[in-house]
file query_26.csv (CSV, C-alpha atoms and all ligand atoms)
chain,number,residue,atom,x,y,z
R,1,MET,CA,-15.3,-17.2,3.4
R,2,GLY,CA,-16.7,-14.0,1.9
R,3,SER,CA,-19.0,-14.1,-1.0
R,4,LEU,CA,-17.6,-13.5,-4.5
R,5,VAL,CA,-17.5,-9.9,-5.5
R,6,LYS,CA,-20.8,-8.6,-6.8
R,7,LYS,CA,-21.4,-5.6,-9.1
R,8,GLY,CA,-23.0,-2.6,-7.5
R,9,THR,CA,-21.4,-3.2,-4.1
R,10,SER,CA,-18.4,-1.1,-2.9
R,11,SER,CA,-16.2,-4.0,-3.9
R,12,SER,CA,-17.0,-3.6,-7.5
R,13,LEU,CA,-14.5,-0.7,-7.6
R,14,MET,CA,-11.6,-3.1,-7.6
R,15,THR,CA,-13.1,-5.8,-9.9
R,16,GLU,CA,-14.0,-3.2,-12.5
R,17,PHE,CA,-10.6,-1.5,-12.1
R,18,LEU,CA,-8.8,-4.9,-12.5
R,19,GLU,CA,-10.9,-5.7,-15.6
R,20,LYS,CA,-10.0,-2.3,-17.1
R,21,CYS,CA,-6.3,-2.9,-16.3
R,22,GLY,CA,-6.3,-6.3,-18.1
R,23,GLY,CA,-6.7,-8.6,-15.1
R,24,TYR,CA,-3.9,-7.3,-12.9
R,25,ALA,CA,-2.7,-4.0,-11.6
R,26,VAL,CA,0.7,-2.5,-10.8
R,27,VAL,CA,1.1,-0.7,-7.5
R,28,ASP,CA,3.8,1.9,-6.9
R,29,GLY,CA,7.1,1.1,-5.1
R,30,GLY,CA,8.8,2.3,-1.9
R,31,PHE,CA,7.7,5.8,-1.2
R,32,ALA,CA,9.5,7.1,1.9
R,33,THR,CA,12.8,5.4,0.9
R,34,GLU,CA,12.5,6.9,-2.6
R,35,LEU,CA,12.1,10.4,-1.1
R,36,GLU,CA,15.3,9.6,0.8
R,37,ARG,CA,17.1,8.4,-2.3
R,38,HIS,CA,16.3,11.9,-3.7
R,39,GLY,CA,18.0,13.5,-0.7
R,40,ALA,CA,15.1,14.1,1.7
R,41,HIS,CA,16.1,13.9,5.4
R,42,ILE,CA,13.4,11.8,6.9
R,43,LYS,CA,15.0,10.3,10.0
R,44,ASP,CA,12.3,12.0,11.9
R,45,PRO,CA,9.2,10.8,13.8
R,46,LEU,CA,7.1,12.0,10.9
R,47,TRP,CA,9.2,10.0,8.4
R,48,SER,CA,7.9,10.6,4.8
R,49,ALA,CA,5.2,12.9,6.1
R,50,LYS,CA,7.9,15.4,7.0
R,51,CYS,CA,8.1,16.1,3.2
R,52,LEU,CA,4.5,17.3,3.2
R,53,ILE,CA,5.8,20.3,5.1
R,54,THR,CA,9.4,20.6,3.8
R,55,SER,CA,9.3,19.4,0.2
R,56,PRO,CA,5.9,18.8,-1.4
R,57,HIS,CA,7.5,19.1,-4.9
R,58,LEU,CA,9.5,16.0,-4.1
R,59,VAL,CA,6.4,14.1,-3.1
R,60,THR,CA,4.9,15.0,-6.5
R,61,LYS,CA,8.1,14.0,-8.3
R,62,VAL,CA,8.1,10.5,-6.6
R,63,HIS,CA,4.5,9.9,-7.5
R,64,LEU,CA,5.2,10.9,-11.1
R,65,ASP,CA,8.2,8.7,-11.3
R,66,TYR,CA,6.1,5.7,-10.3
R,67,LEU,CA,3.3,6.7,-12.8
R,68,GLU,CA,5.9,6.9,-15.5
R,69,SER,CA,7.2,3.4,-14.5
R,70,GLY,CA,3.7,1.9,-15.1
R,71,ALA,CA,1.9,2.2,-11.7
R,72,ASN,CA,-1.9,1.9,-11.7
R,73,ILE,CA,-2.1,2.8,-8.0
R,74,ILE,CA,-0.2,5.5,-6.2
R,75,ILE,CA,-0.2,5.6,-2.4
R,76,THR,CA,-0.2,8.9,-0.6
R,77,ALA,CA,2.5,10.3,1.7
R,78,SER,CA,0.2,9.9,4.7
R,79,TYR,CA,1.7,6.6,6.0
R,80,GLN,CA,3.2,8.3,9.1
R,81,ALA,CA,1.1,11.5,8.9
R,82,THR,CA,-0.9,11.6,12.1
R,83,ILE,CA,-2.6,14.4,13.8
R,84,GLN,CA,-0.9,13.4,17.0
R,85,GLY,CA,2.5,13.4,15.3
R,86,PHE,CA,2.0,16.8,13.6
R,87,VAL,CA,0.8,18.4,16.9
R,88,ALA,CA,3.9,17.0,18.7
R,89,LYS,CA,5.9,19.1,16.1
R,90,GLY,CA,4.0,22.3,17.2
R,91,LEU,CA,1.4,22.4,14.5
R,92,SER,CA,-2.3,23.1,15.3
R,93,VAL,CA,-4.9,20.4,14.8
R,94,GLY,CA,-6.3,22.4,11.8
R,95,GLU,CA,-2.9,22.5,10.2
R,96,ALA,CA,-2.4,18.8,10.8
R,97,GLU,CA,-5.7,18.1,9.1
R,98,SER,CA,-4.8,20.2,6.1
R,99,LEU,CA,-1.6,18.3,5.7
R,100,LEU,CA,-3.5,15.0,5.6
R,101,ARG,CA,-5.7,16.5,2.9
R,102,ARG,CA,-2.7,17.8,1.1
R,103,SER,CA,-1.1,14.3,0.9
R,104,VAL,CA,-4.1,13.2,-1.2
R,105,GLU,CA,-4.2,16.5,-3.3
R,106,LEU,CA,-0.5,15.9,-4.2
R,107,SER,CA,-1.2,12.4,-5.5
R,108,CYS,CA,-4.3,13.7,-7.4
R,109,GLU,CA,-2.2,16.5,-8.9
R,110,ALA,CA,0.5,14.0,-10.0
R,111,ARG,CA,-2.1,11.9,-11.7
R,112,GLU,CA,-3.4,15.0,-13.5
R,113,ILE,CA,0.1,16.0,-14.6
R,114,PHE,CA,0.7,12.4,-15.8
R,115,TYR,CA,-2.6,12.4,-17.8
R,116,ASN,CA,-1.8,15.7,-19.4
R,117,ARG,CA,1.6,14.4,-20.5
R,118,CYS,CA,-0.2,11.4,-21.9
R,119,ASN,CA,-2.4,13.7,-23.9
R,120,LYS,CA,0.7,15.3,-25.4
R,121,GLY,CA,1.7,12.0,-27.0
R,122,SER,CA,2.8,9.2,-24.7
R,123,TRP,CA,-0.3,7.1,-24.6
R,124,ASP,CA,-0.6,3.6,-23.3
R,125,PHE,CA,-1.7,1.0,-25.9
R,126,ASP,CA,-4.0,-1.8,-25.0
R,127,HIS,CA,-3.6,-5.4,-26.4
R,128,ALA,CA,-5.5,-4.5,-29.6
R,129,GLY,CA,-3.1,-1.6,-30.1
R,130,LYS,CA,-5.8,0.9,-29.3
R,131,ALA,CA,-4.6,4.1,-27.4
R,132,SER,CA,-6.1,4.3,-23.9
R,133,ARG,CA,-5.7,6.3,-20.8
R,134,ARG,CA,-4.1,4.1,-18.1
R,135,PRO,CA,-6.5,3.7,-15.1
R,136,VAL,CA,-4.9,5.2,-12.0
R,137,LEU,CA,-6.2,5.1,-8.5
R,138,VAL,CA,-5.1,7.2,-5.5
R,139,ALA,CA,-4.9,5.2,-2.3
R,140,ALA,CA,-4.7,7.1,1.0
R,141,SER,CA,-2.1,5.5,3.2
R,142,VAL,CA,-2.8,4.8,6.9
R,143,GLY,CA,0.2,3.4,8.8
R,144,SER,CA,-0.3,1.4,12.0
R,145,TYR,CA,0.0,2.8,15.5
R,146,GLY,CA,3.4,1.2,15.5
R,147,ALA,CA,4.4,3.5,12.6
R,148,TYR,CA,3.4,6.5,14.6
R,149,LEU,CA,5.7,5.3,17.4
R,150,ALA,CA,8.5,5.7,14.9
R,151,ASP,CA,10.7,3.0,16.4
R,152,GLY,CA,10.1,0.2,14.0
R,153,SER,CA,7.2,-1.1,16.1
R,154,GLU,CA,5.2,-1.9,12.9
R,155,TYR,CA,7.7,-4.8,12.4
R,156,SER,CA,7.4,-6.1,16.0
R,157,GLY,CA,3.7,-5.4,16.7
R,158,VAL,CA,4.6,-5.7,20.4
R,159,TYR,CA,2.5,-2.7,21.5
R,160,VAL,CA,-0.5,-5.0,21.2
R,161,ASP,CA,-0.1,-5.8,24.9
R,162,SER,CA,-0.2,-2.2,25.9
R,163,VAL,CA,-3.1,-0.8,23.9
R,164,SER,CA,-6.8,-1.7,23.7
R,165,LYS,CA,-9.0,-2.0,20.6
R,166,GLU,CA,-10.9,1.1,21.7
R,167,SER,CA,-7.7,3.1,22.1
R,168,LEU,CA,-6.5,2.1,18.6
R,169,LYS,CA,-9.8,3.1,17.2
R,170,ASP,CA,-9.6,6.5,18.9
R,171,PHE,CA,-6.0,6.9,17.7
R,172,HIS,CA,-7.0,6.4,14.0
R,173,ARG,CA,-10.5,7.8,13.9
R,174,ARG,CA,-10.0,11.4,12.9
R,175,ARG,CA,-7.3,10.6,10.3
R,176,VAL,CA,-9.5,8.0,8.7
R,177,GLN,CA,-12.5,10.3,8.6
R,178,ILE,CA,-10.4,13.0,6.9
R,179,LEU,CA,-8.8,10.7,4.4
R,180,ALA,CA,-12.2,9.2,3.5
R,181,LYS,CA,-13.5,12.7,2.5
R,182,SER,CA,-10.2,13.9,0.8
R,183,GLY,CA,-10.9,12.8,-2.8
R,184,ALA,CA,-8.8,9.6,-2.6
R,185,ASP,CA,-10.3,6.5,-4.3
R,186,LEU,CA,-9.6,4.2,-1.5
R,187,ILE,CA,-7.7,3.8,1.8
R,188,ALA,CA,-4.6,1.6,2.1
R,189,PHE,CA,-4.2,0.3,5.7
R,190,GLU,CA,-0.5,-0.7,5.5
R,191,THR,CA,2.1,-2.8,7.3
R,192,ILE,CA,-0.5,-4.1,9.8
R,193,PRO,CA,1.5,-6.1,12.4
R,194,ASN,CA,-1.3,-7.6,14.6
R,195,LYS,CA,-4.8,-8.8,14.6
R,196,LEU,CA,-6.1,-6.3,17.1
R,197,GLU,CA,-5.3,-3.4,14.8
R,198,ALA,CA,-7.1,-5.1,11.9
R,199,GLU,CA,-10.2,-5.5,14.2
R,200,ALA,CA,-10.0,-1.9,15.2
R,201,TYR,CA,-9.9,-0.8,11.5
R,202,VAL,CA,-12.9,-3.0,10.7
R,203,ASP,CA,-14.9,-1.5,13.5
R,204,LEU,CA,-13.9,2.0,12.5
R,205,LEU,CA,-14.8,1.6,8.9
R,206,GLU,CA,-18.3,0.3,10.0
R,207,GLU,CA,-18.9,2.7,12.8
R,208,GLU,CA,-17.9,5.8,10.9
R,209,GLY,CA,-19.8,4.8,7.8
R,210,ILE,CA,-16.6,5.2,5.7
R,211,ASP,CA,-17.9,5.4,2.2
R,212,ILE,CA,-14.8,4.8,0.1
R,213,PRO,CA,-13.3,1.2,-0.1
R,214,ALA,CA,-10.1,0.1,1.5
R,215,TRP,CA,-7.4,-2.6,1.5
R,216,PHE,CA,-5.6,-4.2,4.4
R,217,ALA,CA,-1.9,-5.1,3.9
R,218,PHE,CA,-0.3,-7.1,6.7
R,219,THR,CA,3.4,-7.6,7.3
R,220,SER,CA,5.2,-10.9,8.1
R,221,LYS,CA,8.7,-11.9,9.1
R,222,ASP,CA,8.3,-15.7,8.5
R,223,GLY,CA,5.7,-16.3,5.8
R,224,VAL,CA,3.2,-17.7,8.4
R,225,THR,CA,2.5,-15.2,11.1
R,226,VAL,CA,2.3,-11.4,11.5
R,227,PRO,CA,4.9,-9.9,13.8
R,228,SER,CA,2.7,-10.2,16.9
R,229,GLY,CA,2.8,-14.0,16.4
R,230,GLU,CA,-0.8,-14.4,15.2
R,231,SER,CA,-1.3,-16.4,12.0
R,232,ILE,CA,-1.8,-14.6,8.7
R,233,ILE,CA,-4.8,-16.8,8.3
R,234,GLU,CA,-6.6,-15.5,11.4
R,235,CYS,CA,-5.8,-11.9,10.4
R,236,ALA,CA,-7.1,-12.5,6.9
R,237,GLU,CA,-10.3,-13.9,8.3
R,238,VAL,CA,-10.8,-10.6,10.1
R,239,ALA,CA,-10.2,-8.8,6.8
R,240,ASP,CA,-12.4,-11.1,4.8
R,241,SER,CA,-15.3,-10.4,7.1
R,242,CYS,CA,-15.3,-6.7,6.2
R,243,LYS,CA,-17.5,-5.8,3.2
R,244,LYS,CA,-15.7,-2.4,2.8
R,245,LEU,CA,-12.4,-4.1,1.9
R,246,VAL,CA,-11.7,-4.6,-1.8
R,247,ALA,CA,-8.4,-6.3,-1.5
R,248,ILE,CA,-6.3,-8.1,1.2
R,249,GLY,CA,-2.6,-8.6,1.1
R,250,ILE,CA,0.9,-8.2,2.3
R,251,ASN,CA,3.4,-5.3,2.2
R,252,CYS,CA,6.8,-4.5,3.5
R,253,THR,CA,7.8,-8.1,3.8
R,254,ALA,CA,10.8,-9.9,2.3
R,255,PRO,CA,10.0,-11.3,-1.2
R,256,ARG,CA,10.9,-14.8,-0.2
R,257,TYR,CA,7.9,-15.1,2.1
R,258,ILE,CA,5.3,-13.8,-0.2
R,259,SER,CA,4.5,-17.0,-2.0
R,260,ASP,CA,3.5,-18.9,1.2
R,261,LEU,CA,1.5,-15.9,2.3
R,262,VAL,CA,-0.5,-15.6,-0.9
R,263,ILE,CA,-1.3,-19.3,-0.7
R,264,SER,CA,-2.6,-18.8,2.9
R,265,LEU,CA,-4.6,-15.8,2.0
R,266,ARG,CA,-6.2,-17.6,-1.0
R,267,GLN,CA,-7.4,-20.2,1.5
R,268,VAL,CA,-9.6,-17.7,3.3
R,269,THR,CA,-10.7,-15.1,0.8
R,270,HIS,CA,-12.1,-14.6,-2.7
R,271,LYS,CA,-11.2,-10.9,-2.5
R,272,PRO,CA,-8.4,-9.7,-4.8
R,273,ILE,CA,-4.9,-10.2,-3.3
R,274,ILE,CA,-2.4,-7.4,-3.3
R,275,VAL,CA,1.4,-7.9,-2.7
R,276,TYR,CA,4.0,-5.2,-2.4
R,277,PRO,CA,7.1,-6.6,-0.7
R,278,ASN,CA,10.1,-4.6,0.3
R,279,SER,CA,13.6,-5.2,-1.1
R,280,GLY,CA,14.3,-8.0,1.5
R,281,GLU,CA,16.5,-5.7,3.6
R,282,VAL,CA,15.6,-5.5,7.3
R,283,TYR,CA,14.8,-2.2,9.1
R,284,ASP,CA,16.8,-1.3,12.2
R,285,GLY,CA,14.2,1.0,14.0
R,286,LEU,CA,16.6,2.2,16.6
R,287,ASN,CA,19.1,3.6,14.1
R,288,LYS,CA,16.6,4.1,11.4
R,289,LYS,CA,18.7,2.2,8.8
R,290,TRP,CA,18.0,-0.6,6.4
R,291,ILE,CA,20.4,-3.6,6.8
R,292,LYS,CA,21.3,-5.5,3.6
R,293,SER,CA,20.2,-9.1,3.2
R,294,GLU,CA,22.6,-11.6,1.6
R,295,GLU,CA,19.6,-13.7,0.6
R,296,GLU,CA,17.8,-11.4,-1.9
R,297,SER,CA,18.3,-9.3,-4.9
R,298,GLU,CA,16.1,-7.2,-7.1
R,299,GLU,CA,16.3,-9.8,-9.9
R,300,ASP,CA,15.0,-12.4,-7.5
R,301,PHE,CA,12.1,-10.2,-6.6
R,302,VAL,CA,11.0,-9.6,-10.1
R,303,SER,CA,11.3,-13.2,-11.1
R,304,TYR,CA,8.9,-14.1,-8.3
R,305,VAL,CA,6.1,-12.0,-9.7
R,306,SER,CA,4.7,-14.6,-12.2
R,307,ARG,CA,4.6,-17.2,-9.5
R,308,TRP,CA,2.6,-14.9,-7.1
R,309,ARG,CA,0.2,-14.3,-10.0
R,310,GLU,CA,-0.3,-18.0,-10.6
R,311,GLU,CA,-0.9,-18.4,-6.9
R,312,GLY,CA,-3.7,-15.9,-7.0
R,313,ALA,CA,-2.5,-12.4,-6.4
R,314,SER,CA,-3.6,-9.7,-8.8
R,315,LEU,CA,-2.1,-6.4,-7.6
R,316,PHE,CA,1.7,-6.2,-7.5
R,317,GLY,CA,4.1,-3.4,-6.4
R,318,GLY,CA,7.0,-2.8,-4.1
R,319,CYS,CA,7.5,-1.4,-0.6
R,320,CYS,CA,10.6,0.0,1.2
R,321,ARG,CA,13.8,0.2,-0.8
R,322,THR,CA,12.2,-0.8,-4.1
R,323,THR,CA,12.4,1.9,-6.7
R,324,PRO,CA,10.9,3.0,-10.0
R,325,ASN,CA,13.2,0.5,-11.7
R,326,THR,CA,11.6,-2.3,-9.7
R,327,ILE,CA,8.1,-1.1,-10.8
R,328,LYS,CA,9.3,-0.9,-14.5
R,329,ALA,CA,10.5,-4.4,-14.2
R,330,ILE,CA,7.3,-5.7,-12.7
R,331,THR,CA,5.3,-3.8,-15.4
R,332,ASN,CA,7.4,-5.5,-18.1
R,333,VAL,CA,7.1,-9.0,-16.6
R,334,LEU,CA,3.4,-8.7,-16.4
R,335,SER,CA,2.8,-7.2,-19.8
R,336,CYS,CA,5.0,-9.9,-21.5
R,337,GLU,CA,3.1,-12.5,-19.7
R,338,SER,CA,-0.2,-11.1,-20.7
R,339,SER,CA,0.7,-11.1,-24.4
R,340,ALA,CA,1.8,-14.8,-24.1
R,341,PRO,CA,-0.9,-17.6,-24.1
R,342,SER,CA,-2.8,-17.2,-20.9
R,343,LYS,CA,-2.3,-19.2,-17.7
R,344,LEU,CA,-4.4,-16.6,-16.0
R,345,LYS,CA,-6.8,-17.5,-13.2
R,346,PHE,CA,-9.7,-15.2,-12.4
R,347,TRP,CA,-10.8,-15.5,-8.8
V,1,ZN,ZN,7.7,-0.6,3.5
call {"tool": "encode", "arguments": {"input": "query_26.csv", "output": "structure tokens", "more": "lines below"}}
Ligand SMILES: [Zn+2]
result
Amino acid sequence: MGSLVKKGTSSSLMTEFLEKCGGYAVVDGGFATELERHGAHIKDPLWSAKCLITSPHLVTKVHLDYLESGANIIITASYQATIQGFVAKGLSVGEAESLLRRSVELSCEAREIFYNRCNKGSWDFDHAGKASRRPVLVAASVGSYGAYLADGSEYSGVYVDSVSKESLKDFHRRRVQILAKSGADLIAFETIPNKLEAEAYVDLLEEEGIDIPAWFAFTSKDGVTVPSGESIIECAEVADSCKKLVAIGINCTAPRYISDLVISLRQVTHKPIIVYPNSGEVYDGLNKKWIKSEEESEEDFVSYVSRWREEGASLFGGCCRTTPNTIKAITNVLSCESSAPSKLKFW
């Protein structure tokens, strides 16, 4: 198990940030699916990254909507933005690299706009009623190799049999180098479906001397394993061993599995735990459609948040098909809870 977070190490970014936020932080909600709800056509190999080319104003709008809903962390539109994917569309490597940087600039610009609006009157108020500027971090998204395949492979992880750790490192290397120097506060490695890719990221962060922190978020379809069949525990052990990681968690997973997953993560790490589940619907990668689940509703999702917090998570948001309303509801639940007598555990 990794040592408890010390000040002065790269991991102090997250502990200090969580302290400033009052012990927990709110992450944004589904990004690509929110672009879609606003009319973007993203049934495309680039998915949300297509909007970096066709509708950057919509990217800014979605970031702002999440900031207005209470988010402390916004995640860039780079999830499926890869140099390989842009080049396949006929762009040059230089243009592809600029678009990666642009994804971070758009998030930073949204944060500036939000802060300027706050200056004009709508301040947040802390527990003592003092006006304060809400802490906001920009996390540069890196989707898995499976996301680049654009066929829903990040929910199956099956490609693990046809790639090597070295080829995964080579696939991700340049994008990670660029995002690390883009002005983002940290890198969000999202929807990781197998242990090999987590190992590749750990090697890459070390070998490239990446000097901004990162988080790993795994996905699961059963609350016990990642899609490749490896246990969440062994994946979390890989993540816990990496000093550059300031949080470990779960994203794009049905809310009903999160509780068991948080309990498992807590067994192997002292690092802050981040959870941002999807709506509980299931992605049909072939038809690029979300299939409704009878088992879950948005009300269920939000009512789980307090439990996840008691179980040891401290960063909460939503993934695909969650909306600014979900994030508003999470913000409300957490702020009501914080003003009630504390059951809070600090890890
Ligand atoms: Zn998602």
call {"tool": "residues_near_ligand", "arguments": {"input": "query_26.csv", "ligand": "ligand ZN 1 (chain V)", "cutoff": "8 Å", "atoms": "all atoms listed in the file", "output": "JSON, numbers by chain"}}
result
{"R": [30, 31, 191, 251, 252, 253, 277, 278, 318, 319, 320, 321]}
call {"tool": "closest_residue", "arguments": {"input": "query_26.csv", "among": "R:Gly223, R:Pro193, R:Gly209, R:Gly157", "to": "Gln177 of chain R", "atoms": "all atoms listed in the file"}}
result
R:Gly209
call {"tool": "closest_residue", "arguments": {"input": "query_26.csv", "among": "R:Thr219, R:Ser144, R:Ser69, R:Thr269", "to": "Ala254 of chain R", "atoms": "all atoms listed in the file"}}
result
R:Thr219
call {"tool": "residues_around", "arguments": {"input": "query_26.csv", "residues": "Trp290 of chain R", "least_positions_apart": "6", "cutoff": "10 Å", "atoms": "all atoms listed in the file", "output": "VMD selection string"}}
result
chain R and resid 33 279 to 284 320 to 321
call {"tool": "residues_around", "arguments": {"input": "query_26.csv", "residues": "segment 44-61 of chain R", "least_positions_apart": "5", "cutoff": "10 Å", "atoms": "only C-alpha atoms", "output": "ChimeraX atom specification"}}
result
/R:31-36,38-39,66-67,76-82,85-86,88-89,99-100,102-103,105-111,113,147-151,288
call {"tool": "write_last_selection", "arguments": {"input": "query_26.csv", "atoms": "C-alpha atoms", "output": "PDB file, in the coordinates of the input"}}
result
ATOM      1  CA  PHE R  31       7.700   5.800  -1.200  1.00  0.00           C
ATOM      2  CA  ALA R  32       9.500   7.100   1.900  1.00  0.00           C
ATOM      3  CA  THR R  33      12.800   5.400   0.900  1.00  0.00           C
ATOM      4  CA  GLU R  34      12.500   6.900  -2.600  1.00  0.00           C
ATOM      5  CA  LEU R  35      12.100  10.400  -1.100  1.00  0.00           C
ATOM      6  CA  GLU R  36      15.300   9.600   0.800  1.00  0.00           C
ATOM      7  CA  HIS R  38      16.300  11.900  -3.700  1.00  0.00           C
ATOM      8  CA  GLY R  39      18.000  13.500  -0.700  1.00  0.00           C
ATOM      9  CA  TYR R  66       6.100   5.700 -10.300  1.00  0.00           C
ATOM     10  CA  LEU R  67       3.300   6.700 -12.800  1.00  0.00           C
ATOM     11  CA  THR R  76      -0.200   8.900  -0.600  1.00  0.00           C
ATOM     12  CA  ALA R  77       2.500  10.300   1.700  1.00  0.00           C
ATOM     13  CA  SER R  78       0.200   9.900   4.700  1.00  0.00           C
ATOM     14  CA  TYR R  79       1.700   6.600   6.000  1.00  0.00           C
ATOM     15  CA  GLN R  80       3.200   8.300   9.100  1.00  0.00           C
ATOM     16  CA  ALA R  81       1.100  11.500   8.900  1.00  0.00           C
ATOM     17  CA  THR R  82      -0.900  11.600  12.100  1.00  0.00           C
ATOM     18  CA  GLY R  85       2.500  13.400  15.300  1.00  0.00           C
ATOM     19  CA  PHE R  86       2.000  16.800  13.600  1.00  0.00           C
ATOM     20  CA  ALA R  88       3.900  17.000  18.700  1.00  0.00           C
ATOM     21  CA  LYS R  89       5.900  19.100  16.100  1.00  0.00           C
ATOM     22  CA  LEU R  99      -1.600  18.300   5.700  1.00  0.00           C
ATOM     23  CA  LEU R 100      -3.500  15.000   5.600  1.00  0.00           C
ATOM     24  CA  ARG R 102      -2.700  17.800   1.100  1.00  0.00           C
ATOM     25  CA  SER R 103      -1.100  14.300   0.900  1.00  0.00           C
ATOM     26  CA  GLU R 105      -4.200  16.500  -3.300  1.00  0.00           C
ATOM     27  CA  LEU R 106      -0.500  15.900  -4.200  1.00  0.00           C
ATOM     28  CA  SER R 107      -1.200  12.400  -5.500  1.00  0.00           C
ATOM     29  CA  CYS R 108      -4.300  13.700  -7.400  1.00  0.00           C
ATOM     30  CA  GLU R 109      -2.200  16.500  -8.900  1.00  0.00           C
ATOM     31  CA  ALA R 110       0.500  14.000 -10.000  1.00  0.00           C
ATOM     32  CA  ARG R 111      -2.100  11.900 -11.700  1.00  0.00           C
ATOM     33  CA  ILE R 113       0.100  16.000 -14.600  1.00  0.00           C
ATOM     34  CA  ALA R 147       4.400   3.500  12.600  1.00  0.00           C
ATOM     35  CA  TYR R 148       3.400   6.500  14.600  1.00  0.00           C
ATOM     36  CA  LEU R 149       5.700   5.300  17.400  1.00  0.00           C
ATOM     37  CA  ALA R 150       8.500   5.700  14.900  1.00  0.00           C
ATOM     38  CA  ASP R 151      10.700   3.000  16.400  1.00  0.00           C
ATOM     39  CA  LYS R 288      16.600   4.100  11.400  1.00  0.00           C
TER      40      LYS R 288
END
call {"tool": "atom_distance", "arguments": {"input": "query_26.csv", "atom1": "atom CA of Val176 of chain R", "atom2": "atom CA of Leu205 of chain R"}}
result
8.3 Å
call {"tool": "residues_near_point", "arguments": {"input": "query_26.csv", "point": "(-2.1, -0.2, 19.0)", "cutoff": "7 Å", "atoms": "all atoms listed in the file", "output": "PDB file with C-alpha atoms, in the frame of the given file"}}
result
ATOM      1  CA  TYR R 145       0.000   2.800  15.500  1.00  0.00           C
ATOM      2  CA  GLY R 146       3.400   1.200  15.500  1.00  0.00           C
ATOM      3  CA  TYR R 159       2.500  -2.700  21.500  1.00  0.00           C
ATOM      4  CA  VAL R 160      -0.500  -5.000  21.200  1.00  0.00           C
ATOM      5  CA  VAL R 163      -3.100  -0.800  23.900  1.00  0.00           C
ATOM      6  CA  SER R 164      -6.800  -1.700  23.700  1.00  0.00           C
ATOM      7  CA  LEU R 168      -6.500   2.100  18.600  1.00  0.00           C
ATOM      8  CA  GLU R 197      -5.300  -3.400  14.800  1.00  0.00           C
TER       9      GLU R 197
END
call {"tool": "closest_residue", "arguments": {"input": "query_26.csv", "among": "R:Gly183, R:Gly22, R:Gly317, R:Gly152", "to": "Val138 of chain R", "atoms": "all atoms listed in the file"}}
result
R:Gly183
call {"tool": "closest_residue", "arguments": {"input": "query_26.csv", "among": "R:Phe17, R:Tyr155, R:Tyr304, R:Tyr24", "to": "Gly229 of chain R", "atoms": "only C-alpha atoms"}}
result
R:Tyr155
call {"tool": "closest_residue", "arguments": {"input": "query_26.csv", "among": "R:Val246, R:Leu64, R:Leu179, R:Ile73", "to": "Ser98 of chain R", "atoms": "all atoms listed in the file"}}
result
R:Leu179
call {"tool": "atom_distance", "arguments": {"input": "query_26.csv", "atom1": "atom CA of Thr331 of chain R", "atom2": "atom CA of Ile273 of chain R"}}
result
17.1 Å
call {"tool": "atom_distance", "arguments": {"input": "query_26.csv", "atom1": "atom CA of Val226 of chain R", "atom2": "atom CA of Ile330 of chain R"}}
result
25.4 Å
call {"tool": "closest_residue", "arguments": {"input": "query_26.csv", "among": "R:Asp185, R:Glu311, R:Glu19, R:Asp260", "to": "Ile233 of chain R", "atoms": "all atoms listed in the file"}}
result
R:Asp260
call {"tool": "residues_near_point", "arguments": {"input": "query_26.csv", "point": "(-8.1, -2.5, 12.2)", "cutoff": "9 Å", "atoms": "all atoms listed in the file", "output": "VMD selection string"}}
result
chain R and resid 144 165 168 to 169 189 192 194 to 205 216 238 to 239
call {"tool": "residues_around", "arguments": {"input": "query_26.csv", "residues": "Glu190 of chain R", "least_positions_apart": "2", "cutoff": "6 Å", "atoms": "all atoms listed in the file", "output": "JSON, numbers by chain"}}
result
{"R": [143, 188, 192, 217]}
call {"tool": "write_last_selection", "arguments": {"input": "query_26.csv", "atoms": "C-alpha atoms", "output": "CSV table (one decimal), keeping the file's coordinate frame"}}
result
chain,number,residue,atom,x,y,z
R,143,GLY,CA,0.2,3.4,8.8
R,188,ALA,CA,-4.6,1.6,2.1
R,192,ILE,CA,-0.5,-4.1,9.8
R,217,ALA,CA,-1.9,-5.1,3.9
